[in-house]
Amino acid sequence: MRLAVLAYEGISPFMLSTPLAVFGEPFIAGGHRIDVCATVSRFAASGGLTIEAAHPLDAARDADIVILPSWRDADEPVSNDIVAELQAAQRRGAIVVGLCLGAFGLAEAGLLDGRRATTHWARTATFAERYPKVTVDAGALFVDAGPVLTSAGIASGLDCCLHLLARISGINEANRVARHLVVAPQRMGEQLQLIDRPAIGTSADLRVTEILETVRADPTVVPELDDLAQRAGMSRRSLTRHIRARTGGSLGEWLKRARLVRAQELLAGGARGLDDIAVRSGFPDAHALRSAFRSELGVTPTQWLARQRLC
């Protein structure tokens with residue numbers, strides 16, 4: 001599958017590198033091709049860097065997925081040439097992604113009319129006022145509206161791109177790339193933007209990460225918080241606080257997401273029978289599995305699987 005990243009004068013190197021890291025990292029199994037396309041071949045980025053793009057902007061018209069990684073200023077209209085490329089992508093049925101302030105470009109192109117979308121939390125009020133036809137979700141990390149996806153600020157672009165990778169290459173591939181990038185694969189789009197997540201640095205951080213990975217590896221086991229606290233060498237209260245800082249929720253919420261990811265892996269791998277999939281994922285029954293899909297993803301397991309086959 002071919003992906004095009006639309007670059008521009010003053011682009012953030014971090015935002016530009018986000019889709020490149022997810023879809024272009026070494027040895028990616030999906031074999032995707034990702035190109036940086038720009039109006040001019042050489043342009044300035046923020047931070048005093050200069051970037052050379054190998055492809056002109058109109059080269060994006062052959063892409064299956066077009067990504068606009070942010071925009072330099074929410075108060076500055078997105079350039080007409082970029083808006084035209086986004087509209088051309090929609091007309092031919094390509095998936096279009098707006099990371100961070102890139103959502104403004106998608107909205108300006110009319111791609112978000114009547115849809116739910118998000119952007120950086122500091123600019124959601126401006127976004128909602130400027131584009132009243134868009135249903136703005138100010139809290140979501142990212143929103144998957146099918147043919148268009150939008151993300152919140154900065155690091156949530158990674159979550160959005162990993163989610164998209166799961167759509168086109170499967171959950172296992174997305175989890176593999178997430179581990180390669182040393183980021184958590186379970187962050188869902190509905191997770192709130194404003195959560196304090198300290199970087200892994202202390203030995204306690206590392207122990208908590210190991211515990212969360214143990215839970216993720218076998219979500220069918222119901223862990224006892226006291227046992228996990230003893231293993232981590234900390235009190236139950238301290239472990240709970242570390243888990244919330246690391247994941248944005250409780251151990252139970254992490255376990256639910258881990259079970260949901262396992263169910264997605266089984267569905268994508270060809271497993272049949274929701275009752276069997278539920279048990280193998282750690283859910284008590286198919287009803288609980290369906291409820292988890294609806295609450296976290298907004299679709300049933302069958303609808304989710306159908307979407308994977310279409311992408």
# chains A, B, ... in the order shown; residues from 1 in each chain; ligands from 1
call {"tool": "closest_atom_pairs", "arguments": {"of": "segment 219-249 of chain A", "to": "segment 278-281 of chain A", "cutoff": "12 Å", "atoms": "only C-alpha atoms", "output": "Markdown table"}}
result
| residue | atom | partner | partner_atom | distance |
| --- | --- | --- | --- | --- |
| A:Pro219 | CA | A:Ser281 | CA | 6.3 |
| A:Thr220 | CA | A:Ser281 | CA | 5.7 |
| A:Val221 | CA | A:Ser281 | CA | 9.5 |
| A:Val222 | CA | A:Ser281 | CA | 11.5 |
call {"tool": "select_by_dssp", "arguments": {"residues": "segment 108-264 of chain A", "states": "alpha helix (DSSP H)", "output": "count of residues only"}}
result
82
call {"tool": "residues_around", "arguments": {"residues": "Leu165 of chain A", "least_positions_apart": "2", "cutoff": "10 Å", "atoms": "only C-alpha atoms", "output": "number ranges by chain"}}
result
A: 19, 22-23, 30, 32, 159-163, 167-175, 177
call {"tool": "write_last_selection", "arguments": {"atoms": "N, CA and C atoms", "output": "PDB file, in the first residue's frame"}}
result
ATOM      1  N   PRO A  19       4.419   9.552  11.113  1.00  0.00           N
ATOM      2  CA  PRO A  19       3.985   8.499  10.190  1.00  0.00           C
ATOM      3  C   PRO A  19       5.158   7.747   9.569  1.00  0.00           C
ATOM      4  N   VAL A  22       6.131   4.925  11.982  1.00  0.00           N
ATOM      5  CA  VAL A  22       5.183   3.812  12.076  1.00  0.00           C
ATOM      6  C   VAL A  22       5.128   3.002  10.787  1.00  0.00           C
ATOM      7  N   PHE A  23       5.062   3.677   9.647  1.00  0.00           N
ATOM      8  CA  PHE A  23       4.875   2.975   8.376  1.00  0.00           C
ATOM      9  C   PHE A  23       6.171   2.719   7.616  1.00  0.00           C
ATOM     10  N   GLY A  30       4.608  -5.259   6.481  1.00  0.00           N
ATOM     11  CA  GLY A  30       3.553  -4.950   5.529  1.00  0.00           C
ATOM     12  C   GLY A  30       4.040  -4.553   4.154  1.00  0.00           C
ATOM     13  N   HIS A  32       4.785  -1.588   3.078  1.00  0.00           N
ATOM     14  CA  HIS A  32       4.182  -0.348   2.614  1.00  0.00           C
ATOM     15  C   HIS A  32       5.254   0.619   2.117  1.00  0.00           C
ATOM     16  N   ASP A 159      -0.397   7.114  18.256  1.00  0.00           N
ATOM     17  CA  ASP A 159      -1.528   6.226  18.517  1.00  0.00           C
ATOM     18  C   ASP A 159      -2.422   6.093  17.292  1.00  0.00           C
ATOM     19  N   CYS A 160      -2.677   7.224  16.639  1.00  0.00           N
ATOM     20  CA  CYS A 160      -3.528   7.215  15.455  1.00  0.00           C
ATOM     21  C   CYS A 160      -2.889   6.397  14.336  1.00  0.00           C
ATOM     22  N   CYS A 161      -1.591   6.601  14.108  1.00  0.00           N
ATOM     23  CA  CYS A 161      -0.905   5.873  13.038  1.00  0.00           C
ATOM     24  C   CYS A 161      -0.819   4.384  13.339  1.00  0.00           C
ATOM     25  N   LEU A 162      -0.591   4.019  14.604  1.00  0.00           N
ATOM     26  CA  LEU A 162      -0.558   2.607  14.968  1.00  0.00           C
ATOM     27  C   LEU A 162      -1.944   1.971  14.785  1.00  0.00           C
ATOM     28  N   HIS A 163      -2.978   2.727  15.112  1.00  0.00           N
ATOM     29  CA  HIS A 163      -4.353   2.243  14.890  1.00  0.00           C
ATOM     30  C   HIS A 163      -4.601   2.016  13.397  1.00  0.00           C
ATOM     31  N   ARG A 167      -5.416  -1.413  11.102  1.00  0.00           N
ATOM     32  CA  ARG A 167      -6.483  -1.550  10.108  1.00  0.00           C
ATOM     33  C   ARG A 167      -5.974  -2.169   8.813  1.00  0.00           C
ATOM     34  N   ILE A 168      -4.811  -1.752   8.361  1.00  0.00           N
ATOM     35  CA  ILE A 168      -4.357  -2.187   7.039  1.00  0.00           C
ATOM     36  C   ILE A 168      -3.438  -3.406   7.079  1.00  0.00           C
ATOM     37  N   SER A 169      -2.828  -3.668   8.241  1.00  0.00           N
ATOM     38  CA  SER A 169      -1.876  -4.783   8.316  1.00  0.00           C
ATOM     39  C   SER A 169      -2.165  -5.756   9.448  1.00  0.00           C
ATOM     40  N   GLY A 170      -3.155  -5.454  10.278  1.00  0.00           N
ATOM     41  CA  GLY A 170      -3.511  -6.364  11.352  1.00  0.00           C
ATOM     42  C   GLY A 170      -2.950  -5.934  12.700  1.00  0.00           C
ATOM     43  N   ILE A 171      -3.625  -6.398  13.762  1.00  0.00           N
ATOM     44  CA  ILE A 171      -3.253  -6.041  15.121  1.00  0.00           C
ATOM     45  C   ILE A 171      -1.851  -6.515  15.472  1.00  0.00           C
ATOM     46  N   ASN A 172      -1.492  -7.719  15.051  1.00  0.00           N
ATOM     47  CA  ASN A 172      -0.168  -8.241  15.401  1.00  0.00           C
ATOM     48  C   ASN A 172       0.942  -7.357  14.866  1.00  0.00           C
ATOM     49  N   GLU A 173       0.786  -6.882  13.629  1.00  0.00           N
ATOM     50  CA  GLU A 173       1.811  -6.019  13.047  1.00  0.00           C
ATOM     51  C   GLU A 173       1.878  -4.685  13.792  1.00  0.00           C
ATOM     52  N   ALA A 174       0.723  -4.137  14.136  1.00  0.00           N
ATOM     53  CA  ALA A 174       0.718  -2.876  14.875  1.00  0.00           C
ATOM     54  C   ALA A 174       1.366  -3.031  16.241  1.00  0.00           C
ATOM     55  N   ASN A 175       1.084  -4.137  16.918  1.00  0.00           N
ATOM     56  CA  ASN A 175       1.711  -4.389  18.215  1.00  0.00           C
ATOM     57  C   ASN A 175       3.216  -4.567  18.075  1.00  0.00           C
ATOM     58  N   VAL A 177       5.199  -3.228  15.774  1.00  0.00           N
ATOM     59  CA  VAL A 177       5.805  -1.922  15.537  1.00  0.00           C
ATOM     60  C   VAL A 177       5.776  -1.081  16.815  1.00  0.00           C
TER      61      VAL A 177
END
call {"tool": "residues_around", "arguments": {"residues": "Ala109 of chain A", "least_positions_apart": "2", "cutoff": "12 Å", "atoms": "only C-alpha atoms", "output": "PDB file with all heavy atoms, in the first residue's frame"}}
result
ATOM      1  N   LEU A  68      -1.778  14.373   6.469  1.00  0.00           N
ATOM      2  CA  LEU A  68      -1.342  15.745   6.714  1.00  0.00           C
ATOM      3  C   LEU A  68      -0.890  15.821   8.170  1.00  0.00           C
ATOM      4  O   LEU A  68      -1.705  15.863   9.082  1.00  0.00           O
ATOM      5  CB  LEU A  68      -2.474  16.739   6.453  1.00  0.00           C
ATOM      6  CG  LEU A  68      -2.143  18.216   6.741  1.00  0.00           C
ATOM      7  CD1 LEU A  68      -0.955  18.688   5.912  1.00  0.00           C
ATOM      8  CD2 LEU A  68      -3.360  19.108   6.499  1.00  0.00           C
ATOM      9  N   PRO A  77      -4.781  29.914   7.489  1.00  0.00           N
ATOM     10  CA  PRO A  77      -5.489  28.961   6.622  1.00  0.00           C
ATOM     11  C   PRO A  77      -4.520  27.949   5.995  1.00  0.00           C
ATOM     12  O   PRO A  77      -3.407  28.307   5.605  1.00  0.00           O
ATOM     13  CB  PRO A  77      -6.114  29.856   5.547  1.00  0.00           C
ATOM     14  CG  PRO A  77      -6.207  31.207   6.178  1.00  0.00           C
ATOM     15  CD  PRO A  77      -5.006  31.317   7.073  1.00  0.00           C
ATOM     16  N   VAL A  78      -4.950  26.700   5.942  1.00  0.00           N
ATOM     17  CA  VAL A  78      -4.150  25.680   5.261  1.00  0.00           C
ATOM     18  C   VAL A  78      -4.088  26.038   3.783  1.00  0.00           C
ATOM     19  O   VAL A  78      -5.090  26.454   3.187  1.00  0.00           O
ATOM     20  CB  VAL A  78      -4.762  24.283   5.472  1.00  0.00           C
ATOM     21  CG1 VAL A  78      -3.981  23.228   4.695  1.00  0.00           C
ATOM     22  CG2 VAL A  78      -4.792  23.945   6.960  1.00  0.00           C
ATOM     23  N   SER A  79      -2.919  25.887   3.181  1.00  0.00           N
ATOM     24  CA  SER A  79      -2.711  26.333   1.803  1.00  0.00           C
ATOM     25  C   SER A  79      -3.661  25.636   0.831  1.00  0.00           C
ATOM     26  O   SER A  79      -4.040  24.479   1.024  1.00  0.00           O
ATOM     27  CB  SER A  79      -1.262  26.079   1.386  1.00  0.00           C
ATOM     28  OG  SER A  79      -0.966  24.705   1.424  1.00  0.00           O
ATOM     29  N   ASN A  80      -4.030  26.357  -0.216  1.00  0.00           N
ATOM     30  CA  ASN A  80      -4.990  25.846  -1.199  1.00  0.00           C
ATOM     31  C   ASN A  80      -4.506  24.584  -1.891  1.00  0.00           C
ATOM     32  O   ASN A  80      -5.305  23.697  -2.212  1.00  0.00           O
ATOM     33  CB  ASN A  80      -5.304  26.924  -2.236  1.00  0.00           C
ATOM     34  CG  ASN A  80      -6.080  28.086  -1.649  1.00  0.00           C
ATOM     35  OD1 ASN A  80      -6.801  27.931  -0.669  1.00  0.00           O
ATOM     36  ND2 ASN A  80      -5.937  29.256  -2.241  1.00  0.00           N
ATOM     37  N   ASP A  81      -3.189  24.499  -2.133  1.00  0.00           N
ATOM     38  CA  ASP A  81      -2.690  23.316  -2.841  1.00  0.00           C
ATOM     39  C   ASP A  81      -2.812  22.058  -1.984  1.00  0.00           C
ATOM     40  O   ASP A  81      -3.148  20.976  -2.485  1.00  0.00           O
ATOM     41  CB  ASP A  81      -1.241  23.529  -3.308  1.00  0.00           C
ATOM     42  CG  ASP A  81      -0.310  23.966  -2.190  1.00  0.00           C
ATOM     43  OD1 ASP A  81      -0.780  24.174  -1.053  1.00  0.00           O
ATOM     44  OD2 ASP A  81       0.908  24.089  -2.453  1.00  0.00           O
ATOM     45  N   ILE A  82      -2.595  22.193  -0.685  1.00  0.00           N
ATOM     46  CA  ILE A  82      -2.768  21.039   0.200  1.00  0.00           C
ATOM     47  C   ILE A  82      -4.244  20.669   0.318  1.00  0.00           C
ATOM     48  O   ILE A  82      -4.604  19.485   0.267  1.00  0.00           O
ATOM     49  CB  ILE A  82      -2.144  21.322   1.584  1.00  0.00           C
ATOM     50  CG1 ILE A  82      -0.614  21.307   1.471  1.00  0.00           C
ATOM     51  CG2 ILE A  82      -2.620  20.297   2.617  1.00  0.00           C
ATOM     52  CD1 ILE A  82       0.099  21.580   2.771  1.00  0.00           C
ATOM     53  N   VAL A  83      -5.102  21.661   0.459  1.00  0.00           N
ATOM     54  CA  VAL A  83      -6.547  21.392   0.523  1.00  0.00           C
ATOM     55  C   VAL A  83      -7.007  20.661  -0.735  1.00  0.00           C
ATOM     56  O   VAL A  83      -7.799  19.705  -0.673  1.00  0.00           O
ATOM     57  CB  VAL A  83      -7.334  22.710   0.703  1.00  0.00           C
ATOM     58  CG1 VAL A  83      -8.829  22.478   0.506  1.00  0.00           C
ATOM     59  CG2 VAL A  83      -7.074  23.293   2.091  1.00  0.00           C
ATOM     60  N   ALA A  84      -6.490  21.076  -1.896  1.00  0.00           N
ATOM     61  CA  ALA A  84      -6.867  20.432  -3.165  1.00  0.00           C
ATOM     62  C   ALA A  84      -6.435  18.970  -3.187  1.00  0.00           C
ATOM     63  O   ALA A  84      -7.170  18.101  -3.679  1.00  0.00           O
ATOM     64  CB  ALA A  84      -6.252  21.185  -4.341  1.00  0.00           C
ATOM     65  N   GLU A  85      -5.242  18.669  -2.652  1.00  0.00           N
ATOM     66  CA  GLU A  85      -4.775  17.277  -2.625  1.00  0.00           C
ATOM     67  C   GLU A  85      -5.638  16.428  -1.697  1.00  0.00           C
ATOM     68  O   GLU A  85      -5.923  15.264  -1.994  1.00  0.00           O
ATOM     69  CB  GLU A  85      -3.313  17.219  -2.185  1.00  0.00           C
ATOM     70  CG  GLU A  85      -2.332  17.757  -3.201  1.00  0.00           C
ATOM     71  CD  GLU A  85      -2.447  17.073  -4.564  1.00  0.00           C
ATOM     72  OE1 GLU A  85      -2.735  15.853  -4.613  1.00  0.00           O
ATOM     73  OE2 GLU A  85      -2.260  17.764  -5.576  1.00  0.00           O
ATOM     74  N   LEU A  86      -6.058  17.009  -0.584  1.00  0.00           N
ATOM     75  CA  LEU A  86      -6.929  16.275   0.343  1.00  0.00           C
ATOM     76  C   LEU A  86      -8.281  15.976  -0.307  1.00  0.00           C
ATOM     77  O   LEU A  86      -8.817  14.870  -0.173  1.00  0.00           O
ATOM     78  CB  LEU A  86      -7.127  17.089   1.616  1.00  0.00           C
ATOM     79  CG  LEU A  86      -5.876  17.353   2.457  1.00  0.00           C
ATOM     80  CD1 LEU A  86      -6.195  18.305   3.605  1.00  0.00           C
ATOM     81  CD2 LEU A  86      -5.294  16.053   3.006  1.00  0.00           C
ATOM     82  N   GLN A  87      -8.807  16.933  -1.023  1.00  0.00           N
ATOM     83  CA  GLN A  87     -10.082  16.722  -1.719  1.00  0.00           C
ATOM     84  C   GLN A  87      -9.946  15.688  -2.826  1.00  0.00           C
ATOM     85  O   GLN A  87     -10.835  14.850  -3.030  1.00  0.00           O
ATOM     86  CB  GLN A  87     -10.582  18.052  -2.274  1.00  0.00           C
ATOM     87  CG  GLN A  87     -11.002  19.036  -1.191  1.00  0.00           C
ATOM     88  CD  GLN A  87     -11.298  20.423  -1.731  1.00  0.00           C
ATOM     89  OE1 GLN A  87     -10.756  20.820  -2.769  1.00  0.00           O
ATOM     90  NE2 GLN A  87     -12.140  21.176  -1.029  1.00  0.00           N
ATOM     91  N   ALA A  88      -8.822  15.726  -3.540  1.00  0.00           N
ATOM     92  CA  ALA A  88      -8.579  14.735  -4.604  1.00  0.00           C
ATOM     93  C   ALA A  88      -8.481  13.337  -4.013  1.00  0.00           C
ATOM     94  O   ALA A  88      -8.964  12.357  -4.599  1.00  0.00           O
ATOM     95  CB  ALA A  88      -7.305  15.093  -5.364  1.00  0.00           C
ATOM     96  N   ALA A  89      -7.847  13.236  -2.841  1.00  0.00           N
ATOM     97  CA  ALA A  89      -7.726  11.931  -2.188  1.00  0.00           C
ATOM     98  C   ALA A  89      -9.095  11.387  -1.815  1.00  0.00           C
ATOM     99  O   ALA A  89      -9.383  10.201  -2.013  1.00  0.00           O
ATOM    100  CB  ALA A  89      -6.844  12.069  -0.943  1.00  0.00           C
ATOM    101  N   GLN A  90      -9.960  12.250  -1.301  1.00  0.00           N
ATOM    102  CA  GLN A  90     -11.302  11.793  -0.935  1.00  0.00           C
ATOM    103  C   GLN A  90     -12.090  11.333  -2.160  1.00  0.00           C
ATOM    104  O   GLN A  90     -12.769  10.302  -2.116  1.00  0.00           O
ATOM    105  CB  GLN A  90     -12.068  12.908  -0.221  1.00  0.00           C
ATOM    106  CG  GLN A  90     -13.442  12.455   0.259  1.00  0.00           C
ATOM    107  CD  GLN A  90     -14.327  13.612   0.643  1.00  0.00           C
ATOM    108  OE1 GLN A  90     -14.402  14.614  -0.068  1.00  0.00           O
ATOM    109  NE2 GLN A  90     -15.012  13.497   1.772  1.00  0.00           N
ATOM    110  N   ARG A  91     -11.973  12.080  -3.255  1.00  0.00           N
ATOM    111  CA  ARG A  91     -12.736  11.729  -4.457  1.00  0.00           C
ATOM    112  C   ARG A  91     -12.363  10.354  -5.000  1.00  0.00           C
ATOM    113  O   ARG A  91     -13.224   9.641  -5.527  1.00  0.00           O
ATOM    114  CB  ARG A  91     -12.522  12.795  -5.538  1.00  0.00           C
ATOM    115  CG  ARG A  91     -13.270  14.100  -5.270  1.00  0.00           C
ATOM    116  CD  ARG A  91     -13.317  14.964  -6.528  1.00  0.00           C
ATOM    117  NE  ARG A  91     -11.981  15.388  -6.952  1.00  0.00           N
ATOM    118  CZ  ARG A  91     -11.380  16.490  -6.547  1.00  0.00           C
ATOM    119  NH1 ARG A  91     -11.982  17.297  -5.678  1.00  0.00           N
ATOM    120  NH2 ARG A  91     -10.177  16.812  -6.999  1.00  0.00           N
ATOM    121  N   VAL A  96      -7.814   9.402   4.364  1.00  0.00           N
ATOM    122  CA  VAL A  96      -7.172  10.685   4.615  1.00  0.00           C
ATOM    123  C   VAL A  96      -7.027  10.878   6.123  1.00  0.00           C
ATOM    124  O   VAL A  96      -7.982  10.652   6.876  1.00  0.00           O
ATOM    125  CB  VAL A  96      -7.961  11.855   4.001  1.00  0.00           C
ATOM    126  CG1 VAL A  96      -7.196  13.161   4.171  1.00  0.00           C
ATOM    127  CG2 VAL A  96      -8.248  11.580   2.527  1.00  0.00           C
ATOM    128  N   GLY A  98      -5.572  13.434   9.319  1.00  0.00           N
ATOM    129  CA  GLY A  98      -5.094  14.730   9.790  1.00  0.00           C
ATOM    130  C   GLY A  98      -4.577  14.589  11.205  1.00  0.00           C
ATOM    131  O   GLY A  98      -5.348  14.360  12.132  1.00  0.00           O
ATOM    132  N   GLY A 102      -3.473  19.113  11.676  1.00  0.00           N
ATOM    133  CA  GLY A 102      -3.812  18.671  10.330  1.00  0.00           C
ATOM    134  C   GLY A 102      -5.308  18.490  10.164  1.00  0.00           C
ATOM    135  O   GLY A 102      -5.825  18.519   9.040  1.00  0.00           O
ATOM    136  N   ALA A 103      -6.022  18.332  11.285  1.00  0.00           N
ATOM    137  CA  ALA A 103      -7.488  18.234  11.227  1.00  0.00           C
ATOM    138  C   ALA A 103      -8.091  19.493  10.629  1.00  0.00           C
ATOM    139  O   ALA A 103      -9.145  19.438   9.986  1.00  0.00           O
ATOM    140  CB  ALA A 103      -8.043  17.992  12.631  1.00  0.00           C
ATOM    141  N   PHE A 104      -7.419  20.637  10.816  1.00  0.00           N
ATOM    142  CA  PHE A 104      -7.927  21.873  10.233  1.00  0.00           C
ATOM    143  C   PHE A 104      -7.916  21.790   8.705  1.00  0.00           C
ATOM    144  O   PHE A 104      -8.815  22.302   8.038  1.00  0.00           O
ATOM    145  CB  PHE A 104      -7.070  23.062  10.694  1.00  0.00           C
ATOM    146  CG  PHE A 104      -7.410  23.549  12.073  1.00  0.00           C
ATOM    147  CD1 PHE A 104      -6.980  22.852  13.198  1.00  0.00           C
ATOM    148  CD2 PHE A 104      -8.155  24.690  12.254  1.00  0.00           C
ATOM    149  CE1 PHE A 104      -7.287  23.295  14.476  1.00  0.00           C
ATOM    150  CE2 PHE A 104      -8.474  25.157  13.532  1.00  0.00           C
ATOM    151  CZ  PHE A 104      -8.041  24.446  14.647  1.00  0.00           C
ATOM    152  N   GLY A 105      -6.891  21.147   8.143  1.00  0.00           N
ATOM    153  CA  GLY A 105      -6.827  20.978   6.700  1.00  0.00           C
ATOM    154  C   GLY A 105      -7.950  20.106   6.184  1.00  0.00           C
ATOM    155  O   GLY A 105      -8.581  20.408   5.161  1.00  0.00           O
ATOM    156  N   LEU A 106      -8.237  19.011   6.900  1.00  0.00           N
ATOM    157  CA  LEU A 106      -9.318  18.116   6.486  1.00  0.00           C
ATOM    158  C   LEU A 106     -10.664  18.818   6.583  1.00  0.00           C
ATOM    159  O   LEU A 106     -11.532  18.653   5.715  1.00  0.00           O
ATOM    160  CB  LEU A 106      -9.321  16.857   7.348  1.00  0.00           C
ATOM    161  CG  LEU A 106      -8.433  15.688   6.874  1.00  0.00           C
ATOM    162  CD1 LEU A 106      -6.963  16.072   6.893  1.00  0.00           C
ATOM    163  CD2 LEU A 106      -8.668  14.455   7.730  1.00  0.00           C
ATOM    164  N   ALA A 107     -10.837  19.605   7.644  1.00  0.00           N
ATOM    165  CA  ALA A 107     -12.105  20.334   7.800  1.00  0.00           C
ATOM    166  C   ALA A 107     -12.252  21.395   6.716  1.00  0.00           C
ATOM    167  O   ALA A 107     -13.338  21.582   6.166  1.00  0.00           O
ATOM    168  CB  ALA A 107     -12.159  20.975   9.182  1.00  0.00           C
ATOM    169  N   LEU A 111     -13.898  17.489   4.338  1.00  0.00           N
ATOM    170  CA  LEU A 111     -13.895  16.041   4.546  1.00  0.00           C
ATOM    171  C   LEU A 111     -14.513  15.628   5.874  1.00  0.00           C
ATOM    172  O   LEU A 111     -14.854  14.457   6.059  1.00  0.00           O
ATOM    173  CB  LEU A 111     -12.467  15.500   4.465  1.00  0.00           C
ATOM    174  CG  LEU A 111     -11.899  15.197   3.074  1.00  0.00           C
ATOM    175  CD1 LEU A 111     -11.884  16.438   2.189  1.00  0.00           C
ATOM    176  CD2 LEU A 111     -10.484  14.620   3.195  1.00  0.00           C
ATOM    177  N   LEU A 112     -14.640  16.590   6.792  1.00  0.00           N
ATOM    178  CA  LEU A 112     -15.138  16.243   8.123  1.00  0.00           C
ATOM    179  C   LEU A 112     -16.578  16.686   8.357  1.00  0.00           C
ATOM    180  O   LEU A 112     -17.110  16.488   9.447  1.00  0.00           O
ATOM    181  CB  LEU A 112     -14.226  16.871   9.192  1.00  0.00           C
ATOM    182  CG  LEU A 112     -12.758  16.445   9.164  1.00  0.00           C
ATOM    183  CD1 LEU A 112     -11.977  17.163  10.255  1.00  0.00           C
ATOM    184  CD2 LEU A 112     -12.617  14.930   9.309  1.00  0.00           C
ATOM    185  N   ASP A 113     -17.215  17.265   7.374  1.00  0.00           N
ATOM    186  CA  ASP A 113     -18.605  17.714   7.537  1.00  0.00           C
ATOM    187  C   ASP A 113     -19.503  16.538   7.921  1.00  0.00           C
ATOM    188  O   ASP A 113     -19.502  15.489   7.258  1.00  0.00           O
ATOM    189  CB  ASP A 113     -19.126  18.352   6.253  1.00  0.00           C
ATOM    190  CG  ASP A 113     -18.489  19.702   5.979  1.00  0.00           C
ATOM    191  OD1 ASP A 113     -17.706  20.175   6.826  1.00  0.00           O
ATOM    192  OD2 ASP A 113     -18.762  20.274   4.901  1.00  0.00           O
ATOM    193  N   TYR A 131     -15.563  25.417  12.246  1.00  0.00           N
ATOM    194  CA  TYR A 131     -16.181  24.373  11.421  1.00  0.00           C
ATOM    195  C   TYR A 131     -17.400  23.795  12.150  1.00  0.00           C
ATOM    196  O   TYR A 131     -17.340  22.696  12.715  1.00  0.00           O
ATOM    197  CB  TYR A 131     -15.158  23.285  11.100  1.00  0.00           C
ATOM    198  CG  TYR A 131     -13.911  23.813  10.437  1.00  0.00           C
ATOM    199  CD1 TYR A 131     -12.706  23.896  11.139  1.00  0.00           C
ATOM    200  CD2 TYR A 131     -13.942  24.268   9.116  1.00  0.00           C
ATOM    201  CE1 TYR A 131     -11.564  24.398  10.535  1.00  0.00           C
ATOM    202  CE2 TYR A 131     -12.804  24.773   8.506  1.00  0.00           C
ATOM    203  CZ  TYR A 131     -11.618  24.839   9.223  1.00  0.00           C
ATOM    204  OH  TYR A 131     -10.477  25.352   8.627  1.00  0.00           O
ATOM    205  N   VAL A 134     -18.727  20.091  11.885  1.00  0.00           N
ATOM    206  CA  VAL A 134     -17.935  18.987  12.429  1.00  0.00           C
ATOM    207  C   VAL A 134     -18.311  18.773  13.887  1.00  0.00           C
ATOM    208  O   VAL A 134     -18.421  19.733  14.657  1.00  0.00           O
ATOM    209  CB  VAL A 134     -16.430  19.282  12.317  1.00  0.00           C
ATOM    210  CG1 VAL A 134     -15.611  18.107  12.854  1.00  0.00           C
ATOM    211  CG2 VAL A 134     -16.045  19.579  10.874  1.00  0.00           C
ATOM    212  N   VAL A 148     -11.793   8.843   6.996  1.00  0.00           N
ATOM    213  CA  VAL A 148     -10.978   9.943   7.520  1.00  0.00           C
ATOM    214  C   VAL A 148     -10.653   9.688   8.986  1.00  0.00           C
ATOM    215  O   VAL A 148     -11.496   9.187   9.739  1.00  0.00           O
ATOM    216  CB  VAL A 148     -11.680  11.307   7.365  1.00  0.00           C
ATOM    217  CG1 VAL A 148     -11.782  11.701   5.914  1.00  0.00           C
ATOM    218  CG2 VAL A 148     -13.058  11.298   8.022  1.00  0.00           C
TER     219      VAL A 148
END
call {"tool": "select_by_dssp", "arguments": {"residues": "segment 82-287 of chain A", "states": "strand (DSSP E or B)", "output": "list in words"}}
result
Ile95, Val96, Val97, Gly98, Leu99, Arg116, Ala117, Thr135, Val136, Ala140, Phe142, Val143, Asp144, Val148, Leu149, Thr150, Ser151 and Leu192 of chain A
call {"tool": "atom_distance", "arguments": {"atom1": "atom CA of Arg72 of chain A", "atom2": "atom CA of His120 of chain A"}}
result
12.6 Å
call {"tool": "residues_around", "arguments": {"residues": "Val66 of chain A", "least_positions_apart": "5", "cutoff": "7 Å", "atoms": "only C-alpha atoms", "output": "ChimeraX atom specification"}}
result
/A:3-5,60,89,95-97
call {"tool": "closest_residue", "arguments": {"among": "A:Ser151, A:Thr302, A:Thr118, A:Thr247", "to": "Ala271 of chain A", "atoms": "only C-alpha atoms"}}
result
A:Thr302
